[in-house]
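Text of start-v8.txt, listed as compact mmCIF, C-alpha atoms:
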# COMPACT_ATOMS: atom_id res chain seq x y z
CA MET A 1 72.75 95.13 -40.65
CA LEU A 2 72.40 93.94 -37.11
CA ALA A 3 72.46 90.22 -36.59
CA GLN A 4 69.35 88.73 -35.10
CA LEU A 5 69.66 87.93 -31.41
CA ALA A 6 68.07 84.72 -30.26
CA ILE A 7 67.01 84.78 -26.62
CA CYS A 8 66.08 81.64 -24.75
CA VAL A 9 65.01 81.31 -21.15
CA LEU A 10 66.91 78.52 -19.42
CA PRO A 11 64.92 76.33 -17.05
CA ALA A 12 65.76 76.71 -13.39
CA LEU A 13 67.77 73.94 -11.82
CA ALA A 14 65.84 71.83 -9.40
CA PRO A 15 66.50 72.98 -5.85
CA CYS A 16 67.05 70.03 -3.62
CA VAL A 17 65.65 69.51 -0.19
CA PRO A 18 68.61 69.08 2.18
CA GLU A 19 68.32 65.63 3.69
CA LEU A 20 70.38 66.06 6.82
CA GLY A 21 71.94 62.93 8.23
CA GLY A 22 72.13 62.11 11.89
CA GLU A 23 74.24 64.37 14.06
CA GLN A 24 77.70 62.96 14.83
CA THR A 25 79.79 64.53 17.58
CA TYR A 26 83.57 64.59 18.05
CA PRO A 27 85.60 65.96 21.00
CA SER A 28 86.99 69.37 20.08
CA GLY A 29 88.46 70.79 23.29
CA VAL A 30 87.49 72.52 26.51
CA ASN A 31 86.06 76.03 26.05
CA ASP A 32 86.19 75.77 22.27
CA GLN A 33 85.50 79.15 20.73
CA ARG A 34 85.74 79.21 16.94
CA ILE A 35 85.95 76.58 14.20
CA VAL A 36 87.47 76.95 10.71
CA LEU A 37 87.50 74.31 7.96
CA ALA A 38 90.56 73.92 5.70
CA ASP A 39 92.52 71.15 3.99
CA LEU A 40 95.53 71.29 6.29
CA ASP A 41 97.37 68.22 5.01
CA VAL A 42 96.49 68.85 1.34
CA ASP A 43 94.84 65.45 0.87
CA GLY A 44 91.57 66.74 -0.59
CA ASP A 45 89.55 66.44 2.63
CA LEU A 46 88.52 69.34 4.86
CA ASP A 47 90.04 69.33 8.34
CA ALA A 48 89.01 71.46 11.31
CA VAL A 49 90.93 74.05 13.32
CA VAL A 50 89.36 74.91 16.68
CA GLY A 51 90.31 78.01 18.67
CA LEU A 52 90.33 77.51 22.45
CA PHE A 53 89.32 80.30 24.81
CA THR A 54 91.07 79.42 28.09
CA THR A 55 93.65 76.89 26.88
CA ASN A 56 97.08 77.92 25.63
CA GLY A 57 96.76 76.20 22.31
CA VAL A 58 94.74 75.55 19.17
CA ASN A 59 93.28 72.15 18.26
CA VAL A 60 93.71 70.53 14.86
CA MET A 61 91.24 67.80 13.90
CA TYR A 62 92.14 65.91 10.74
CA ALA A 63 89.39 64.45 8.57
CA ASP A 64 88.71 60.75 9.11
CA GLY A 65 87.80 60.14 5.45
CA MET A 66 84.15 59.41 6.27
CA GLY A 67 82.78 62.90 6.79
CA GLY A 68 83.98 63.23 10.38
CA PHE A 69 87.12 64.10 12.32
CA ASN A 70 89.84 62.35 14.25
CA SER A 71 90.75 63.23 17.83
CA PRO A 72 92.11 66.76 18.32
CA ILE A 73 95.83 67.46 18.41
CA THR A 74 96.75 70.52 20.46
CA ILE A 75 99.33 72.92 19.03
CA PRO A 76 100.93 75.43 21.44
CA ALA A 77 99.55 78.94 21.03
CA GLY A 78 98.02 81.64 23.19
CA ALA A 79 94.54 81.60 24.72
CA GLY A 80 91.55 83.47 23.41
CA GLY A 81 89.89 81.41 20.70
CA GLY A 82 90.19 83.50 17.54
CA VAL A 83 91.62 81.59 14.58
CA ALA A 84 92.28 82.01 10.86
CA VAL A 85 93.92 79.76 8.26
CA GLY A 86 95.88 80.67 5.12
CA ASP A 87 99.13 80.04 3.26
CA LEU A 88 101.40 82.72 4.72
CA ASN A 89 104.72 81.68 3.12
CA HIS A 90 103.73 80.47 -0.36
CA ASP A 91 104.60 76.81 0.23
CA GLY A 92 101.16 75.51 -0.72
CA ARG A 93 100.28 74.43 2.82
CA PRO A 94 97.78 76.26 5.04
CA ASP A 95 99.22 77.94 8.13
CA ILE A 96 97.40 78.94 11.32
CA VAL A 97 97.07 82.29 13.08
CA THR A 98 95.38 82.57 16.47
CA ALA A 99 94.06 85.68 18.20
CA ASN A 100 95.05 85.35 21.84
CA GLY A 101 92.59 87.62 23.59
CA LEU A 102 93.75 86.57 27.06
CA ASN A 103 97.40 87.26 26.19
CA ASP A 104 97.06 90.44 24.08
CA ASP A 105 98.92 88.97 21.14
CA ILE A 106 98.62 86.70 18.10
CA SER A 107 100.39 83.43 17.33
CA VAL A 108 101.64 82.63 13.82
CA ILE A 109 102.09 78.87 13.34
CA LEU A 110 103.62 77.79 10.03
CA ALA A 111 103.01 74.36 8.57
CA ASP A 112 105.99 72.18 7.78
CA THR A 113 106.31 68.93 5.86
CA ASP A 114 105.25 66.80 8.82
CA PHE A 115 102.94 68.93 10.97
CA PHE A 116 103.30 72.49 12.30
CA GLY A 117 106.30 74.40 13.59
CA GLU A 118 106.65 76.48 16.72
CA GLN A 119 104.51 79.57 17.19
CA VAL A 120 105.85 83.10 16.75
CA ARG A 121 103.95 85.70 18.74
CA TYR A 122 103.30 89.37 17.99
CA PRO A 123 101.75 91.94 20.36
CA ALA A 124 98.32 92.86 19.00
CA GLY A 125 96.62 95.30 21.33
CA ASP A 126 94.23 94.62 24.20
CA GLY A 127 92.01 91.55 23.70
CA PRO A 128 92.53 90.57 20.04
CA SER A 129 89.69 88.32 18.92
CA SER A 130 89.50 88.06 15.13
CA ILE A 131 91.95 87.79 12.22
CA ALA A 132 91.59 88.31 8.47
CA ILE A 133 94.33 86.99 6.15
CA VAL A 134 94.55 89.04 2.94
CA ASP A 135 97.09 90.87 0.77
CA LEU A 136 96.44 94.45 1.86
CA ASN A 137 99.39 96.20 0.19
CA MET A 138 99.23 94.39 -3.15
CA ASP A 139 102.73 92.89 -2.98
CA THR A 140 101.37 89.32 -3.44
CA HIS A 141 102.20 88.40 0.18
CA PRO A 142 99.47 87.68 2.75
CA ASP A 143 99.01 90.29 5.46
CA LEU A 144 96.98 90.20 8.68
CA ALA A 145 94.20 92.42 9.99
CA VAL A 146 93.42 91.88 13.69
CA SER A 147 90.55 93.29 15.74
CA ALA A 148 91.39 94.23 19.34
CA GLY A 149 88.13 95.34 20.90
CA LEU A 150 89.28 96.06 24.44
CA ASP A 151 91.45 98.96 23.34
CA ASP A 152 89.30 99.85 20.29
CA THR A 153 92.01 99.21 17.70
CA LEU A 154 92.35 97.49 14.37
CA ARG A 155 95.89 96.18 13.96
CA ILE A 156 97.55 95.64 10.56
CA PHE A 157 100.57 93.35 10.10
CA LEU A 158 102.27 93.39 6.70
CA GLY A 159 103.77 90.07 5.61
CA ASP A 160 107.06 89.58 3.78
CA GLY A 161 106.10 86.26 2.17
CA THR A 162 108.15 84.11 4.55
CA GLY A 163 105.54 84.02 7.32
CA ALA A 164 107.05 86.99 9.19
CA PHE A 165 105.11 90.20 9.82
CA ALA A 166 105.70 93.86 10.61
CA ALA A 167 103.18 95.75 12.75
CA GLN A 168 101.71 99.03 11.45
CA PRO A 169 100.23 101.93 13.45
CA PRO A 170 96.86 100.95 14.96
CA ILE A 171 93.56 102.26 13.58
CA THR A 172 91.00 103.40 16.16
CA ILE A 173 87.52 101.87 15.86
CA ASP A 174 85.27 101.94 18.91
CA ASP A 175 84.10 98.60 20.32
CA LEU A 176 84.95 96.53 17.26
CA ARG A 177 84.24 92.81 17.53
CA GLN A 178 85.55 91.23 14.33
CA VAL A 179 87.28 91.95 11.02
CA LEU A 180 86.64 90.53 7.55
CA ALA A 181 88.10 91.41 4.14
CA ALA A 182 86.62 91.75 0.64
CA ASP A 183 86.74 94.12 -2.33
CA PHE A 184 83.60 96.20 -1.76
CA ASN A 185 84.14 98.87 -4.43
CA ALA A 186 85.44 96.75 -7.33
CA ASP A 187 88.82 98.47 -7.57
CA GLY A 188 90.82 95.28 -7.12
CA ILE A 189 92.08 96.38 -3.68
CA PRO A 190 90.95 94.54 -0.52
CA ASP A 191 88.79 96.46 1.91
CA LEU A 192 87.90 95.69 5.53
CA VAL A 193 84.67 95.61 7.51
CA CYS A 194 84.26 95.52 11.29
CA PRO A 195 81.06 95.12 13.31
CA ARG A 196 80.67 97.32 16.39
CA SER A 197 78.34 96.33 19.18
CA SER A 198 77.86 99.71 20.85
CA PRO A 199 76.62 101.62 19.01
CA SER A 200 75.49 98.85 16.68
CA LYS A 201 77.25 99.65 13.40
CA VAL A 202 79.43 98.11 10.75
CA ASP A 203 82.47 100.15 9.77
CA VAL A 204 83.75 99.80 6.21
CA LEU A 205 87.38 100.74 5.51
CA LEU A 206 88.19 101.06 1.82
CA GLY A 207 91.74 100.00 1.02
CA VAL A 208 94.24 102.33 -0.64
CA GLY A 209 96.49 99.52 -1.84
CA ASP A 210 99.56 100.15 0.30
CA GLY A 211 98.23 98.65 3.53
CA THR A 212 96.48 101.84 4.61
CA PHE A 213 92.79 102.74 4.45
CA GLU A 214 90.40 105.60 3.92
CA THR A 215 88.51 106.94 6.92
CA PRO A 216 86.02 104.33 8.16
CA VAL A 217 82.40 104.81 7.08
CA SER A 218 79.74 103.56 9.51
CA TYR A 219 76.43 101.92 8.56
CA ASP A 220 73.52 101.05 10.82
CA ALA A 221 73.41 97.32 11.47
CA GLY A 222 70.49 96.70 13.81
CA PHE A 223 70.79 96.19 17.54
CA GLY A 224 73.85 94.31 18.85
CA ALA A 225 76.17 93.72 15.89
CA ASN A 226 78.48 91.05 17.29
CA PHE A 227 79.29 88.87 14.27
CA ILE A 228 79.26 89.25 10.49
CA ALA A 229 79.63 87.04 7.43
CA LEU A 230 80.04 88.00 3.77
CA GLY A 231 78.38 86.66 0.64
CA ASP A 232 76.90 87.90 -2.64
CA LEU A 233 73.25 87.37 -1.74
CA ASP A 234 71.82 89.54 -4.53
CA GLU A 235 74.21 88.14 -7.16
CA ASN A 236 75.40 91.51 -8.43
CA GLY A 237 79.09 90.64 -8.20
CA THR A 238 79.85 92.37 -4.91
CA MET A 239 79.78 91.17 -1.33
CA ASP A 240 76.87 91.81 1.01
CA ILE A 241 77.05 91.79 4.82
CA VAL A 242 75.04 89.52 7.10
CA VAL A 243 75.01 90.78 10.70
CA VAL A 244 74.21 88.55 13.67
CA HIS A 245 72.69 90.41 16.62
CA GLY A 246 74.15 88.58 19.59
CA VAL A 247 71.87 89.93 22.29
CA VAL A 248 70.41 88.46 25.47
CA SER A 249 66.85 89.53 26.20
CA VAL A 250 64.87 89.35 29.44
CA PRO A 251 62.38 87.75 29.19
CA PRO A 252 63.85 85.62 26.36
CA THR A 253 62.56 86.56 22.93
CA ASP A 254 63.55 85.71 19.38
CA ALA A 255 66.30 87.90 17.97
CA THR A 256 67.21 88.96 14.44
CA LEU A 257 69.95 89.03 11.88
CA SER A 258 70.29 91.79 9.29
CA VAL A 259 71.37 91.94 5.66
CA LEU A 260 73.14 95.00 4.25
CA LEU A 261 73.33 94.81 0.46
CA GLY A 262 76.46 96.18 -1.17
CA GLY A 263 76.11 98.65 -4.01
CA GLY A 264 79.41 97.73 -5.66
CA ASP A 265 80.86 101.17 -5.00
CA GLY A 266 81.78 100.57 -1.37
CA THR A 267 78.43 101.71 0.00
CA PHE A 268 75.69 99.63 1.61
CA ALA A 269 71.92 99.80 1.79
CA PRO A 270 70.06 100.07 5.10
CA PRO A 271 69.72 96.79 7.01
CA VAL A 272 66.82 94.41 6.42
CA SER A 273 66.09 92.22 9.44
CA TYR A 274 64.98 88.60 9.70
CA THR A 275 63.79 86.71 12.78
CA VAL A 276 66.01 83.94 14.17
CA GLY A 277 66.24 82.22 17.57
CA GLN A 278 67.33 83.42 20.99
CA ARG A 279 70.87 84.64 21.74
CA PRO A 280 72.33 84.30 18.24
CA HIS A 281 76.04 83.57 18.08
CA SER A 282 77.42 83.29 14.53
CA CYS A 283 76.49 82.37 10.97
CA ALA A 284 77.90 80.90 7.77
CA ILE A 285 76.88 81.32 4.13
CA ALA A 286 76.72 78.73 1.33
CA ASP A 287 74.29 77.24 -1.20
CA LEU A 288 72.73 74.48 0.89
CA ASN A 289 70.03 73.34 -1.49
CA GLY A 290 71.77 73.47 -4.86
CA ASP A 291 69.53 76.13 -6.41
CA GLY A 292 72.42 78.46 -7.21
CA HIS A 293 71.51 80.99 -4.49
CA LEU A 294 73.36 81.54 -1.23
CA ASP A 295 71.68 80.57 2.03
CA VAL A 296 72.44 81.55 5.63
CA VAL A 297 72.86 79.16 8.56
CA GLU A 298 72.86 80.87 11.97
CA SER A 299 73.33 79.44 15.48
CA ASN A 300 71.17 80.23 18.53
CA ILE A 301 72.51 79.34 21.97
CA ASP A 302 69.48 79.81 24.22
CA THR A 303 67.05 77.98 21.94
CA SER A 304 69.73 75.35 21.15
CA GLU A 305 69.15 75.32 17.42
CA LEU A 306 70.34 76.37 14.00
CA SER A 307 68.25 78.72 11.89
CA VAL A 308 68.41 78.15 8.12
CA LEU A 309 67.31 81.07 5.94
CA TYR A 310 67.20 80.16 2.25
CA GLY A 311 68.17 82.83 -0.26
CA VAL A 312 66.22 83.55 -3.42
CA GLY A 313 68.99 85.35 -5.33
CA ASP A 314 67.80 88.96 -5.04
CA GLY A 315 69.29 89.66 -1.61
CA THR A 316 66.25 88.59 0.38
CA LEU A 317 65.95 85.54 2.61
CA GLN A 318 63.01 83.26 3.26
CA PRO A 319 61.71 82.89 6.84
CA GLN A 320 63.89 80.72 9.03
CA VAL A 321 63.66 76.96 9.24
CA ARG A 322 64.54 75.93 12.80
CA MET A 323 66.73 72.88 13.38
CA PRO A 324 67.00 71.87 17.06
CA PHE A 325 70.21 70.39 18.47
CA ALA A 326 70.86 69.51 22.08
CA GLY A 327 74.30 71.01 22.60
CA GLN A 328 73.63 74.76 22.21
CA PRO A 329 75.36 75.46 18.84
CA THR A 330 77.84 78.34 18.75
CA SER A 331 80.46 78.72 16.01
CA VAL A 332 79.15 77.32 12.73
CA ALA A 333 80.97 76.47 9.49
CA LEU A 334 79.84 75.03 6.16
CA GLY A 335 81.96 72.81 3.92
CA ASP A 336 81.73 69.76 1.68
CA LEU A 337 83.13 66.99 3.89
CA VAL A 338 82.29 64.03 1.64
CA GLY A 339 82.89 65.41 -1.87
CA ASP A 340 79.30 65.21 -3.10
CA GLY A 341 79.06 68.89 -4.05
CA PHE A 342 76.79 69.91 -1.17
CA PRO A 343 77.98 71.82 1.93
CA ASP A 344 77.66 69.98 5.22
CA LEU A 345 76.99 71.56 8.62
CA VAL A 346 79.75 71.72 11.23
CA PHE A 347 79.29 73.53 14.53
CA LEU A 348 80.69 73.76 18.03
CA ASN A 349 78.48 73.09 21.04
CA ASN A 350 78.50 75.46 23.99
CA ALA A 351 77.14 72.89 26.45
CA SER A 352 79.34 69.90 25.66
CA GLY A 353 82.77 70.94 24.38
CA ASP A 354 82.50 69.00 21.14
CA VAL A 355 81.93 69.57 17.45
CA SER A 356 78.88 68.30 15.60
CA VAL A 357 78.76 67.19 11.97
CA VAL A 358 75.48 66.94 10.08
CA LEU A 359 75.95 65.67 6.53
CA ASN A 360 73.81 67.17 3.79
CA ALA A 361 72.47 64.74 1.19
CA CYS A 362 70.22 66.73 -1.12
CA ASP A 363 67.19 65.18 -2.80
CA ALA A 364 65.86 67.13 -5.77
CA GLY A 365 62.63 65.15 -5.78
CA GLY A 366 62.91 64.05 -9.43
CA CYS A 367 62.90 60.55 -10.84
CA ASN A 368 66.73 60.30 -11.03
CA GLU A 369 69.85 62.45 -11.06
CA ALA A 370 69.22 63.60 -14.64
CA ASP A 371 65.83 65.11 -13.73
CA LEU A 372 67.15 68.63 -13.19
CA ALA A 373 64.37 70.88 -14.46
CA GLU A 374 60.61 71.29 -14.51
CA PRO A 375 58.41 69.43 -15.21
CA PHE A 376 59.89 67.01 -12.67
CA GLY A 377 59.06 63.36 -13.17
CA THR A 378 59.88 63.53 -16.88
CA LEU A 379 63.16 63.68 -18.78
CA ASP A 380 63.21 66.04 -21.74
CA PHE A 381 65.24 68.79 -23.43
CA SER A 382 64.82 71.12 -20.44
CA ASP A 383 66.88 68.67 -18.35
CA VAL A 384 69.62 68.65 -20.98
CA ILE A 385 69.74 72.44 -20.98
CA ALA A 386 69.79 72.49 -17.17
CA PHE A 387 72.68 70.01 -17.08
CA LEU A 388 74.71 71.96 -19.67
CA THR A 389 74.09 75.20 -17.78
CA ALA A 390 75.24 73.69 -14.50
CA PHE A 391 78.20 71.99 -16.18
CA GLY A 392 79.32 75.25 -17.77
CA THR A 393 79.24 77.08 -14.45
CA MET A 394 80.64 74.15 -12.41
CA GLY A 395 77.38 73.86 -10.50
CA ALA A 396 76.75 71.06 -8.01
CA PRO A 397 73.79 69.50 -9.96
CA ALA A 398 76.17 68.61 -12.81
CA ASP A 399 78.82 67.01 -10.57
CA LEU A 400 77.43 63.50 -11.01
CA ALA A 401 80.46 61.21 -11.03
CA GLU A 402 83.83 60.70 -9.40
CA PRO A 403 86.16 62.48 -8.98
CA PHE A 404 83.70 64.81 -7.24
CA GLY A 405 84.68 68.46 -7.20
CA THR A 406 85.63 68.33 -10.87
CA TRP A 407 83.43 68.69 -13.94
CA ASP A 408 84.62 66.42 -16.74
CA PHE A 409 83.56 63.78 -19.25
CA SER A 410 82.66 61.33 -16.50
CA ASP A 411 79.87 63.69 -15.41
CA VAL A 412 78.57 63.85 -18.98
CA ILE A 413 78.55 60.04 -19.22
CA ALA A 414 76.73 59.80 -15.87
CA PHE A 415 74.08 62.28 -17.01
CA LEU A 416 73.56 60.50 -20.35
CA GLY A 417 73.29 57.16 -18.57
CA ALA A 418 70.64 58.43 -16.15
CA PHE A 419 68.82 60.24 -18.97
CA GLY A 420 68.81 57.06 -21.07
CA VAL A 421 67.23 55.01 -18.29
CA GLY A 422 64.31 57.43 -18.20
CA CYS A 423 61.66 57.93 -15.56
CA PRO A 424 59.41 55.11 -14.38

Please go through the file and, once you have read it, give me the structure as structure tokens.
Amino acid sequence: MLAQLAICVLPALAPCVPELGGEQTYPSGVNDQRIVLADLDVDGDLDAVVGLFTTNGVNVMYADGMGGFNSPITIPAGAGGGVAVGDLNHDGRPDIVTANGLNDDISVILADTDFFGEQVRYPAGDGPSSIAIVDLNMDTHPDLAVSAGLDDTLRIFLGDGTGAFAAQPPITIDDLRQVLAADFNADGIPDLVCPRSSPSKVDVLLGVGDGTFETPVSYDAGFGANFIALGDLDENGTMDIVVVHGVVSVPPTDATLSVLLGGGDGTFAPPVSYTVGQRPHSCAIADLNGDGHLDVVESNIDTSELSVLYGVGDGTLQPQVRMPFAGQPTSVALGDLVGDGFPDLVFLNNASGDVSVVLNACDAGGCNEADLAEPFGTLDFSDVIAFLTAFGTMGAPADLAEPFGTWDFSDVIAFLGAFGVGCP
């Protein structure tokens, strides 16, 4: 006899309204090109690594402990601005790789106990601009994939686990601009994706598992595919592709970004476009408003603003919310700088050579932090269920007490305390 199955519908967590603090700016370097957030000194706070286009070096900006950054420290490297961060030698400390587009090589800079060691450079084609750090041949050691758009090649460097790399034969991809890695067909083997500006396509290369790839498959991406980001927007367990169309129009008009939903088998649906500002540059993906769905933040140079497109969980995005900033935002990153469970906005400014930080303090609009579910303004069993759901999935709404970033008994005590106080 089949057991009876009880089905209950859990109340939705209250989405917060991002309450963005005042913009704070910090010097980041002349001709800054790309910013990456990572905990470089393993102290629990996110630091910034800034790639420099015309300067022979990369800037490291350590967190100041208050949601901002200290003055940049320049590490010798090549010039070009591409940058990636990852632990290349299994010592638990993030290392830095720069793509030196003006020098036709990459720099590998290993962290040591005090700071960073000297760079080791590897030829990487003509105009390398982007790096993905990922184990491509399944030997547990990080490898590198590097896009070199000026000679239309994708370069693979297999790592030996010590931070040293061996170059593999180049893969030809016309006019590629970037490379990112993810497992698109759920076989446990990393794959690669590259946007191509002309013609505007994204090329998907399914990994074989030995550092080689199947023949690239091209997908339409909308006009001017210059930058991509990855995230599971439709929540089906596989990565989707967000494409930024970095075009300049005369006369100036609003541009678009496109979403290509992944099918889980390595294929992608046709692009769906959304309006953003003028001359888009880059984007980042995270859950800004704590509703459990990924959102997209995209930068627009000519309209000097960020566009925020909130996700609804089925792969679609709501119309943009425009956020003006004076410095012409370019490279944008999202990360929790203050440990409150909500991603903050970090972006470089084309007009001023600095980095801006806008802290994100979400307000769910309820009577207190225990008011997590409808009907808001009351505390009842639906709030208890919402808290337990978020706690079980390590969701931000249940991270109510220090140490933030962990879900433990202190969060339960904080919820019970707020619930016991009740609503006015």

Requested in this report: Would you mind reading off the distance between CA of Arg155 in chain A and CA of Arg279 in chain A, one decimal, in Å?
Outcome: 28.6 Å

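CA of Asp302 in chain A sits 26.1 Å away from CA of Val58 in chain A.
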
Residues near Pro123 in chain A, anyone? I mean within 10 Å using only C-alpha atoms, not counting same-chain ones fewer than 4 positions away, as a PDB file with C-alpha atoms, in the frame of the given file.
ATOM      1  CA  ASN A 100      95.050  85.350  21.840  1.00  0.00           C
ATOM      2  CA  ASN A 103      97.400  87.260  26.190  1.00  0.00           C
ATOM      3  CA  ASP A 104      97.060  90.440  24.080  1.00  0.00           C
ATOM      4  CA  ASP A 105      98.920  88.970  21.140  1.00  0.00           C
ATOM      5  CA  ILE A 106      98.620  86.700  18.100  1.00  0.00           C
ATOM      6  CA  SER A 107     100.390  83.430  17.330  1.00  0.00           C
ATOM      7  CA  PRO A 128      92.530  90.570  20.040  1.00  0.00           C
ATOM      8  CA  ARG A 155      95.890  96.180  13.960  1.00  0.00           C
ATOM      9  CA  ALA A 167     103.180  95.750  12.750  1.00  0.00           C
TER      10      ALA A 167
END

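Straight-line separation from CA of Glu23 in chain A to CA of Leu359 in chain A: 7.8 Å.
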
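Residues lying at most 10 Å from (72.6, 81.6, -5.3) in file coordinates, with all atoms listed in the file considered, are Gly231, Asp232, Leu233, Asp234, Glu235, Ala286, Asp287, Leu288, Asn289, Gly290, Asp291, Gly292, His293, Leu294, Asp295, Tyr310, Gly311, Val312, Gly313, Asp314 and Gly315 of chain A.
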
Test item: axis-aligned box, all listed atoms of range 307-320 of chain A, 6 Å on each side, centre and edges in Å rounded to one decimal, as lines of an AutoDock Vina configuration file:
center_x = 65.5
center_y = 83.9
center_z = 3.3
size_x = 19.6
size_y = 23.5
size_z = 29.2

**Report entry** Who sits within 9 Å of Asp254 in chain A, only C-alpha atoms, same chain under 5 positions skipped, as a PyMOL selection string
**Finding:** chain A and resi 249+275-280+303

Query raised in the report: Quick one: residues within 12 Å of Gly339 in chain A, only C-alpha atoms counted, chain neighbours fewer than 5 positions away excluded, as a PyMOL selection string?
Result: chain A and resi 44-46+65-67+344+359-361+396+399-406

Requested in this report: Rank A:Thr140, A:Ser273, A:Asn368, A:Thr153 by their smallest atom-to-atom distance to Gly127 in chain A, using all atoms listed in the file, and report the top residue only.
Outcome: A:Thr153

Counting all atoms listed in the file, give me one row per residue of range 39-83 of chain A with an atom at most 12 Å from an atom of range 328-338 of chain A, showing the shortest contact pair and its distance in Å to one decimal, sorted by chain then residue number, as CSV.
residue,atom,partner,partner_atom,distance
A:Asp39,CA,A:Leu337,CA,10.3
A:Gly44,CA,A:Leu337,CA,9.6
A:Asp45,CA,A:Leu337,CA,6.6
A:Leu46,CA,A:Leu337,CA,6.0
A:Asp47,CA,A:Leu337,CA,8.5
A:Ala48,CA,A:Ala333,CA,9.6
A:Val49,CA,A:Ala333,CA,10.9
A:Val50,CA,A:Ser331,CA,9.7
A:Gly51,CA,A:Ser331,CA,10.2
A:Leu52,CA,A:Ser331,CA,11.8
A:Tyr62,CA,A:Leu337,CA,11.4
A:Ala63,CA,A:Leu337,CA,8.2
A:Asp64,CA,A:Leu337,CA,9.9
A:Gly65,CA,A:Val338,CA,7.7
A:Met66,CA,A:Val338,CA,6.8
A:Gly67,CA,A:Leu337,CA,5.0
A:Gly68,CA,A:Leu337,CA,7.5
A:Phe69,CA,A:Leu337,CA,9.8
A:Gly81,CA,A:Ser331,CA,10.9
A:Gly82,CA,A:Ser331,CA,10.9
A:Val83,CA,A:Ser331,CA,11.6

Query raised in the report: What's the 6 Å shell around Val355 in chain A, counting all atoms listed in the file, without same-chain residues fewer than 6 positions away, as a ChimeraX atom specification?
Result: /A:25-26,28,347-348

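For the residues A:Pro195, A:Pro343, A:Gly392, A:Gly80, ranking by smallest atom-to-atom distance to Leu180 in chain A using all atoms listed in the file places A:Pro195 first.
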
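Once Val42 in chain A and its same-chain neighbours fewer than 6 positions away are set aside, Gly92, Arg93 and Pro94 of chain A remain within 9 Å of it when counting only C-alpha atoms.
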
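For the choices A:Phe184, A:Pro216, A:Ala225, A:Ala124, the atom-to-atom distance to Thr238 in chain A is smallest for A:Phe184 when using all atoms listed in the file.
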
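Among the candidate residues A:Gly86, A:Asn350, A:Asp340, A:Phe419, the one lying nearest to Pro397 in chain A is A:Asp340, with distances computed using all atoms listed in the file.
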
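For the set A:Leu388, A:Ile173, A:Leu205, A:Leu345, the residue with the smallest atom-to-atom gap to Leu136 in chain A is A:Leu205, counting only C-alpha atoms.
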
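Using all atoms listed in the file, the shortest contact distance between Asp32 in chain A and any of A:Ala79, A:Val179, A:Ile285, A:Ile96 is found at A:Ala79.
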
Please supply range 203-214 of chain A, rebuilt with N, CA and C atoms, as a tab-separated table (two decimals), keeping the file's coordinate frame.
chain	number	residue	atom	x	y	z
A	203	ASP	N	81.56	99.17	10.34
A	203	ASP	CA	82.47	100.15	9.77
A	203	ASP	C	83.16	99.54	8.55
A	204	VAL	N	83.11	100.23	7.45
A	204	VAL	CA	83.75	99.80	6.21
A	204	VAL	C	84.96	100.68	5.96
A	205	LEU	N	86.13	100.04	5.77
A	205	LEU	CA	87.38	100.74	5.51
A	205	LEU	C	87.85	100.38	4.11
A	206	LEU	N	87.77	101.31	3.19
A	206	LEU	CA	88.19	101.06	1.82
A	206	LEU	C	89.71	101.12	1.73
A	207	GLY	N	90.31	100.09	1.12
A	207	GLY	CA	91.74	100.00	1.02
A	207	GLY	C	92.33	100.94	-0.01
A	208	VAL	N	93.52	101.46	0.29
A	208	VAL	CA	94.24	102.33	-0.64
A	208	VAL	C	95.15	101.51	-1.55
A	209	GLY	N	95.63	100.38	-1.05
A	209	GLY	CA	96.49	99.52	-1.84
A	209	GLY	C	97.90	99.44	-1.32
A	210	ASP	N	98.22	100.20	-0.29
A	210	ASP	CA	99.56	100.15	0.30
A	210	ASP	C	99.53	99.67	1.75
A	211	GLY	N	98.39	99.10	2.15
A	211	GLY	CA	98.23	98.65	3.53
A	211	GLY	C	97.57	99.67	4.42
A	212	THR	N	97.21	100.83	3.86
A	212	THR	CA	96.48	101.84	4.61
A	212	THR	C	95.05	101.93	4.07
A	213	PHE	N	94.21	102.73	4.77
A	213	PHE	CA	92.79	102.74	4.45
A	213	PHE	C	92.23	104.15	4.53
A	214	GLU	N	91.14	104.35	3.79
A	214	GLU	CA	90.40	105.60	3.92
A	214	GLU	C	89.71	105.63	5.29
